[in-house]
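Printed here is my_file.cif (mmCIF, C-alpha atoms):
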data_upload
loop_
_atom_site.label_atom_id
_atom_site.label_comp_id
_atom_site.auth_asym_id
_atom_site.auth_seq_id
_atom_site.Cartn_x
_atom_site.Cartn_y
_atom_site.Cartn_z
CA MET A 269 -127.82 164.75 -23.10
CA PRO A 270 -130.81 165.52 -25.37
CA SER A 271 -133.45 167.97 -24.14
CA PRO A 272 -136.70 166.46 -22.86
CA ASP A 273 -139.62 166.30 -25.23
CA PRO A 274 -141.76 169.45 -25.02
CA PRO A 275 -145.20 169.07 -23.44
CA GLU A 276 -148.02 168.22 -25.80
CA ASP A 277 -149.48 171.35 -27.44
CA ALA A 278 -146.73 173.56 -25.98
CA ASP A 279 -146.06 175.20 -29.36
CA GLU A 280 -149.75 175.73 -30.03
CA SER A 281 -150.35 177.38 -26.67
CA ALA A 282 -147.42 179.73 -27.17
CA GLY A 283 -148.41 180.72 -30.68
CA SER A 284 -152.20 180.96 -30.51
CA VAL A 285 -153.04 184.39 -29.10
CA GLY A 286 -156.17 186.51 -29.57
CA GLY A 287 -159.87 186.07 -28.90
CA SER A 288 -161.36 184.52 -25.80
CA ILE A 289 -161.79 181.06 -24.35
CA GLU A 290 -165.04 179.88 -25.89
CA GLN A 291 -165.20 176.52 -24.18
CA LEU A 292 -163.41 174.30 -21.68
CA ARG A 293 -164.33 170.68 -22.27
CA ALA A 294 -163.12 167.27 -21.17
CA THR A 295 -161.79 165.01 -23.89
CA ASP A 296 -163.67 161.85 -24.83
CA GLU A 297 -160.62 159.72 -24.12
CA ASP A 298 -159.82 161.07 -20.65
CA PRO A 299 -162.18 163.15 -18.49
CA ASN A 300 -159.18 164.53 -16.61
CA GLN A 301 -157.78 166.09 -19.78
CA TRP A 302 -159.45 169.32 -20.84
CA GLU A 303 -159.36 171.12 -24.18
CA VAL A 304 -159.19 174.90 -24.32
CA ILE A 305 -161.18 176.18 -27.31
CA VAL A 306 -160.33 179.59 -28.78
CA ALA A 307 -161.77 180.82 -32.11
CA GLY A 308 -163.23 177.39 -32.73
CA LYS A 309 -159.89 175.61 -32.35
CA VAL A 310 -158.25 173.58 -29.61
CA VAL A 311 -155.28 175.73 -28.62
CA VAL A 312 -154.09 173.47 -25.82
CA THR A 313 -155.08 170.39 -23.85
CA LEU A 314 -154.37 170.50 -20.13
CA PRO A 315 -154.99 168.35 -17.06
CA ARG A 316 -157.98 169.50 -15.03
CA ASN A 317 -155.74 170.61 -12.17
CA ALA A 318 -153.91 172.91 -14.60
CA ILE A 319 -157.21 174.57 -15.51
CA GLU A 320 -157.77 175.17 -11.81
CA ASP A 321 -154.19 176.26 -11.07
CA LEU A 322 -154.25 178.76 -13.93
CA GLU A 323 -157.80 179.86 -13.07
CA LEU A 324 -158.93 179.56 -16.69
CA TYR A 325 -162.61 180.15 -17.42
CA GLU A 326 -164.89 180.49 -20.41
CA SER A 327 -165.00 184.01 -21.91
CA MET A 328 -161.53 184.70 -20.47
CA PRO A 329 -159.38 186.70 -22.97
CA TRP A 330 -156.66 184.51 -24.50
CA THR A 331 -153.74 186.93 -24.23
CA GLU A 332 -150.00 186.58 -24.64
CA SER A 333 -149.68 186.67 -20.88
CA ILE A 334 -152.15 183.81 -20.39
CA SER A 335 -150.51 181.84 -23.19
CA ALA A 336 -147.11 182.32 -21.52
CA ASP A 337 -148.52 181.23 -18.16
CA VAL A 338 -149.86 178.04 -19.77
CA ALA A 339 -146.50 177.31 -21.40
CA ALA A 340 -144.72 177.88 -18.07
CA TRP A 341 -147.15 175.53 -16.31
CA GLN A 342 -146.49 172.86 -18.93
CA ARG A 343 -142.71 173.22 -18.56
CA ARG A 344 -142.89 172.92 -14.80
CA ASP A 345 -145.26 169.96 -15.09
CA ALA A 346 -142.70 168.20 -17.29
CA VAL A 347 -140.02 168.95 -14.71
CA ARG A 348 -142.26 167.70 -11.91
CA ARG A 349 -142.94 164.41 -13.69
CA SER A 350 -139.21 163.91 -14.30
CA ALA A 351 -138.43 164.69 -10.66
CA LEU A 352 -141.07 162.32 -9.30
CA GLU A 353 -139.87 159.57 -11.61
CA ARG A 354 -136.37 159.94 -10.19
CA LEU A 355 -137.62 160.08 -6.60
CA GLY A 356 -139.54 156.88 -7.25
CA ARG A 357 -136.22 155.11 -7.81
CA ARG A 358 -134.15 156.51 -4.95
CA SER A 359 -133.71 159.46 -2.60
CA TYR A 360 -132.04 162.70 -3.66
CA SER A 361 -130.75 165.80 -1.97
CA HIS A 362 -132.22 169.13 -3.02
CA ARG A 363 -129.02 170.08 -4.83
CA GLU A 364 -128.46 166.77 -6.59
CA LEU A 365 -132.05 166.52 -7.85
CA THR A 366 -131.88 170.06 -9.23
CA GLU A 367 -128.56 169.28 -10.94
CA ARG A 368 -129.88 166.07 -12.49
CA LEU A 369 -132.99 167.80 -13.84
CA VAL A 370 -130.87 170.51 -15.45
CA GLU A 371 -128.57 167.86 -16.94
CA GLN A 372 -131.68 166.22 -18.35
CA GLY A 373 -132.37 169.40 -20.28
CA HIS A 374 -134.86 171.23 -18.10
CA ASP A 375 -134.59 174.96 -17.39
CA GLY A 376 -132.62 175.72 -14.23
CA GLY A 377 -135.22 178.14 -12.86
CA ASP A 378 -138.05 175.67 -13.45
CA ALA A 379 -136.02 172.88 -11.86
CA LYS A 380 -135.32 174.93 -8.73
CA THR A 381 -138.96 175.99 -8.43
CA VAL A 382 -140.24 172.43 -8.73
CA VAL A 383 -137.66 170.96 -6.34
CA ASP A 384 -138.49 173.67 -3.79
CA GLU A 385 -142.18 172.75 -4.09
CA LEU A 386 -141.47 169.04 -3.70
CA ALA A 387 -139.30 169.74 -0.65
CA ASP A 388 -142.13 171.76 0.92
CA MET A 389 -144.48 168.85 0.24
CA GLY A 390 -142.16 166.42 2.04
CA TRP A 391 -140.88 164.53 -0.99
CA LEU A 392 -137.26 165.30 -0.06
CA ASP A 393 -135.72 164.55 3.34
CA GLU A 394 -132.17 165.90 3.38
CA ARG A 395 -131.28 164.18 6.65
CA LEU A 396 -132.46 160.69 5.70
CA HIS A 397 -130.94 161.03 2.23
CA ALA A 398 -127.57 162.03 3.68
CA ILE A 399 -127.62 159.05 6.06
CA SER A 400 -128.55 156.71 3.21
CA VAL A 401 -125.68 158.00 1.08
CA ALA A 402 -123.21 157.81 3.97
CA ARG A 403 -124.23 154.25 4.79
CA ARG A 404 -123.80 153.12 1.16
CA VAL A 405 -120.43 154.82 0.88
CA PHE A 406 -119.17 153.43 4.20
CA GLU A 407 -120.37 149.88 3.56
CA ARG A 408 -118.69 149.86 0.15
CA SER A 409 -115.40 151.22 1.48
CA PRO A 410 -114.92 151.79 5.24
CA CYS A 411 -112.87 154.91 5.96
CA SER A 412 -112.21 157.64 8.48
CA ARG A 413 -114.95 160.05 9.54
CA SER A 414 -113.30 162.94 7.69
CA MET A 415 -113.00 160.88 4.50
CA LEU A 416 -116.61 159.73 4.81
CA ILE A 417 -117.79 163.33 5.09
CA LYS A 418 -115.72 164.28 2.04
CA ARG A 419 -117.14 161.43 -0.03
CA VAL A 420 -120.72 162.21 0.98
CA VAL A 421 -120.29 165.89 0.12
CA GLN A 422 -119.05 164.78 -3.31
CA LYS A 423 -122.48 163.16 -3.74
CA SER A 424 -124.09 166.64 -3.70
CA VAL A 425 -124.99 166.50 0.00
CA ASP A 426 -124.74 169.63 2.16
CA ARG A 427 -121.66 169.49 4.39
CA GLU A 428 -123.58 169.96 7.63
CA GLN A 429 -125.91 167.11 6.68
CA ALA A 430 -122.89 165.01 5.69
CA GLU A 431 -121.33 165.55 9.12
CA HIS A 432 -124.51 164.50 10.91
CA ALA A 433 -124.81 161.47 8.62
CA ALA A 434 -121.23 160.40 9.32
CA ASP A 435 -121.90 160.62 13.06
CA GLU A 436 -125.01 158.48 12.61
CA VAL A 437 -123.28 155.82 10.51
CA MET A 438 -120.21 155.68 12.76
CA ALA A 439 -122.09 156.06 16.04
CA ASP A 440 -120.76 152.78 17.47
CA GLN A 441 -117.18 153.00 16.24
CA GLY A 442 -114.45 155.58 16.06
CA ASP A 443 -111.66 156.02 13.54
CA GLY A 444 -109.42 153.69 15.54
CA ASP A 445 -111.97 150.88 15.52
CA VAL A 446 -112.54 151.16 11.77
CA ALA A 447 -108.83 151.37 10.99
CA GLU A 448 -108.04 148.35 13.15
CA SER A 449 -110.75 146.31 11.44
CA ILE A 450 -109.34 147.20 8.01
CA ALA A 451 -105.79 146.41 9.12
CA ARG A 452 -106.64 143.05 10.67
CA SER A 453 -108.56 142.08 7.54
CA MET A 454 -105.55 142.92 5.37
CA VAL A 455 -103.19 141.00 7.66
CA HIS A 456 -105.51 137.99 7.63
CA GLN A 457 -105.72 138.03 3.83
CA ALA A 458 -101.95 138.36 3.55
CA HIS A 459 -101.43 135.25 5.66
CA GLN A 460 -103.71 133.25 3.37
CA HIS A 461 -101.10 133.50 0.61
CA PHE A 462 -98.46 130.82 0.14
CA ARG A 463 -95.72 133.41 0.57
CA THR A 464 -96.59 135.79 3.39
CA PRO A 465 -94.98 139.22 2.86
CA SER A 466 -92.42 140.42 5.36
CA ALA A 467 -93.56 142.52 8.32
CA ALA A 468 -91.97 145.60 6.73
CA THR A 469 -93.80 145.05 3.45
CA LEU A 470 -97.08 144.35 5.20
CA ARG A 471 -96.59 147.40 7.43
CA ARG A 472 -96.07 149.57 4.36
CA ARG A 473 -99.09 148.15 2.54
CA VAL A 474 -101.45 148.47 5.48
CA GLY A 475 -100.18 151.93 6.37
CA SER A 476 -100.64 153.16 2.81
CA ALA A 477 -104.12 151.69 2.58
CA LEU A 478 -105.18 153.36 5.83
CA ALA A 479 -103.73 156.69 4.71
CA ARG A 480 -105.68 156.52 1.44
CA ARG A 481 -108.84 156.01 3.49
CA GLY A 482 -108.24 159.21 5.40
CA PHE A 483 -106.81 158.04 8.71
CA ASP A 484 -104.27 160.31 10.39
CA GLU A 485 -100.68 159.32 11.23
CA ASP A 486 -101.34 158.82 14.94
CA THR A 487 -104.25 156.46 14.29
CA ILE A 488 -102.27 154.52 11.70
CA ARG A 489 -99.25 154.20 14.00
CA ALA A 490 -101.42 152.97 16.90
CA VAL A 491 -103.24 150.44 14.73
CA LEU A 492 -100.03 149.08 13.22
CA ASP A 493 -98.68 148.59 16.73
CA VAL A 494 -101.83 146.79 17.91
CA CYS A 495 -101.65 144.50 14.89
CA GLY A 496 -98.01 143.66 15.55
CA LEU A 497 -96.72 145.74 12.67
CA GLY A 498 -95.12 148.60 14.59
CA GLU A 499 -91.57 149.68 13.94
CA GLU A 500 -90.38 148.16 17.19
CA HIS A 501 -91.67 144.71 16.24
CA PRO A 502 -89.06 142.37 14.72
CA GLU A 503 -89.29 141.23 11.12
CA SER A 504 -91.20 137.94 10.67
#

Please express the file's structure as structure tokens.
Amino acid sequence: MPSPDPPEDADESAGSVGGSIEQLRATDEDPNQWEVIVAGKVVVTLPRNAIEDLELYESMPWTESISADVAAWQRRDAVRRSALERLGRRSYSHRELTERLVEQGHDGGDAKTVVDELADMGWLDERLHAISVARRVFERSPCSRSMLIKRVVQKSVDREQAEHAADEVMADQGDGDVAESIARSMVHQAHQHFRTPSAATLRRRVGSALARRGFDEDTIRAVLDVCGLGEEHPES
């Protein structure tokens, strides 16, 4: 994936060193955008909050260190804007948001710093995100609790949060309830066909489907029996 566009004036701020800040002035187009004037030239244009964050002032020496601080602020600001844009579309876990920002081309250290800041500000809620992910996963494909936890963890959710989310989503039903619902749905669909498969074939299909969804042998055996597909039931 291509790297994100560098912030405006990033190259100028990094390369223009020497002298002092002669003037800090708002632009004509946007009073919230301020120009930093050094040696009669605009070396960088920054938002007003950046001027405050960096504690820039007129007569301040424009050193390599200050120039580097400005460049770092601009990088992190670009990361922050990317992160907020993503959070405006959906929730993210701390780990997933950091990974996506790095994939987008941002520096890993900057991404971690910004995501930490956003988490401290309340933009990320690991618990609610985990529950949201678990609910989407479960509604799309009902499965056992252990399988649900595994699938949620694969979505870059912390395992402990995934376990709590699975308990929340499956609060009113256990593995047996979910497995029985899946089995009865499969049996019902099978009987809608002109040629209903034999009990042995249906038992094999349902059992395999439940196993793929993470249910253990005891649960599968009990559900097959409840649905009339146990070994002791005669062939239909």

Please report as a tab-separated table every residue of range 375-440 of chain A lying within 6 Å of range 474-495 of chain A, along with the nearest atom pair and their distance in Å (one decimal), using all atoms listed in the file.
residue	atom	partner	partner_atom	distance
A:Cys411	CA	A:Arg481	CA	4.9
A:Ser412	CA	A:Gly482	CA	5.3
A:Met415	CA	A:Gly482	CA	5.1

List the residues matched by the PyMOL selection byres ((chain A and resi 294) around 10) in the displayed structure as number ranges by chain, ordered by chain and then by residue number.
A: 291-293, 295-304, 313-316

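Applied to this file, the PyMOL selection byres ((chain A and resi 376-379) around 10) selects Ala340, Trp341, Arg343, Arg344, Asp345, Ala346, Val347, Arg348, Ser350, Ala351, Leu365, Thr366, Glu367, Arg368, Leu369, Val370, Glu371, Gly373, His374, Asp375, Lys380, Thr381, Val382, Val383, Asp384 and Glu385 of chain A.
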
At a cut-off of 8 Å, using only C-alpha atoms, what residues contact Gly286 in chain A? Leave out same-chain residues fewer than 2 positions from it and give the result as a count of residues only.
6

Might you pull out every residue within 9 Å of range 401-408 of chain A, with only C-alpha atoms counted and same-chain residues fewer than 2 positions away left off, and present them as a short mmCIF file (atom, residue, chain, number, x, y, z; two decimals) with C-alpha atoms, in the frame of the given file?
data_model
loop_
_atom_site.label_atom_id
_atom_site.label_comp_id
_atom_site.auth_asym_id
_atom_site.auth_seq_id
_atom_site.Cartn_x
_atom_site.Cartn_y
_atom_site.Cartn_z
CA SER A 359 -133.71 159.46 -2.60
CA LEU A 396 -132.46 160.69 5.70
CA HIS A 397 -130.94 161.03 2.23
CA ALA A 398 -127.57 162.03 3.68
CA ILE A 399 -127.62 159.05 6.06
CA PRO A 410 -114.92 151.79 5.24
CA CYS A 411 -112.87 154.91 5.96
CA LEU A 416 -116.61 159.73 4.81
CA ILE A 417 -117.79 163.33 5.09
CA ARG A 419 -117.14 161.43 -0.03
CA VAL A 420 -120.72 162.21 0.98
CA LYS A 423 -122.48 163.16 -3.74
CA VAL A 425 -124.99 166.50 0.00
CA ALA A 430 -122.89 165.01 5.69
CA ALA A 433 -124.81 161.47 8.62
CA ALA A 434 -121.23 160.40 9.32
CA GLU A 436 -125.01 158.48 12.61
CA VAL A 437 -123.28 155.82 10.51
CA MET A 438 -120.21 155.68 12.76
#

Counting all atoms listed in the file, what is within 12 Å of Thr469 in chain A, bar same-chain residues fewer than 2 positions away, as a VMD selection string?
chain A and resid 455 458 464 to 467 471 to 476 497 to 499 503 to 504

Just say which residues the PyMOL selection byres ((chain A and resi 326) around 6) picks in this file, as a PDB file with C-alpha atoms, in the frame of the given file.
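Listed below is the output, out.pdb:
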ATOM      1  CA  ILE A 289    -161.790 181.060 -24.350  1.00  0.00           C
ATOM      2  CA  GLU A 290    -165.040 179.880 -25.890  1.00  0.00           C
ATOM      3  CA  GLN A 291    -165.200 176.520 -24.180  1.00  0.00           C
ATOM      4  CA  TYR A 325    -162.610 180.150 -17.420  1.00  0.00           C
ATOM      5  CA  SER A 327    -165.000 184.010 -21.910  1.00  0.00           C
ATOM      6  CA  MET A 328    -161.530 184.700 -20.470  1.00  0.00           C
TER       7      MET A 328
END

How many Å lie between CA of Arg363 in chain A and CA of Ser400 in chain A, rounded to one decimal?
15.6 Å

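CA of Glu431 in chain A to CA of Arg413 in chain A spans 8.4 Å [interatomic distance, one decimal].
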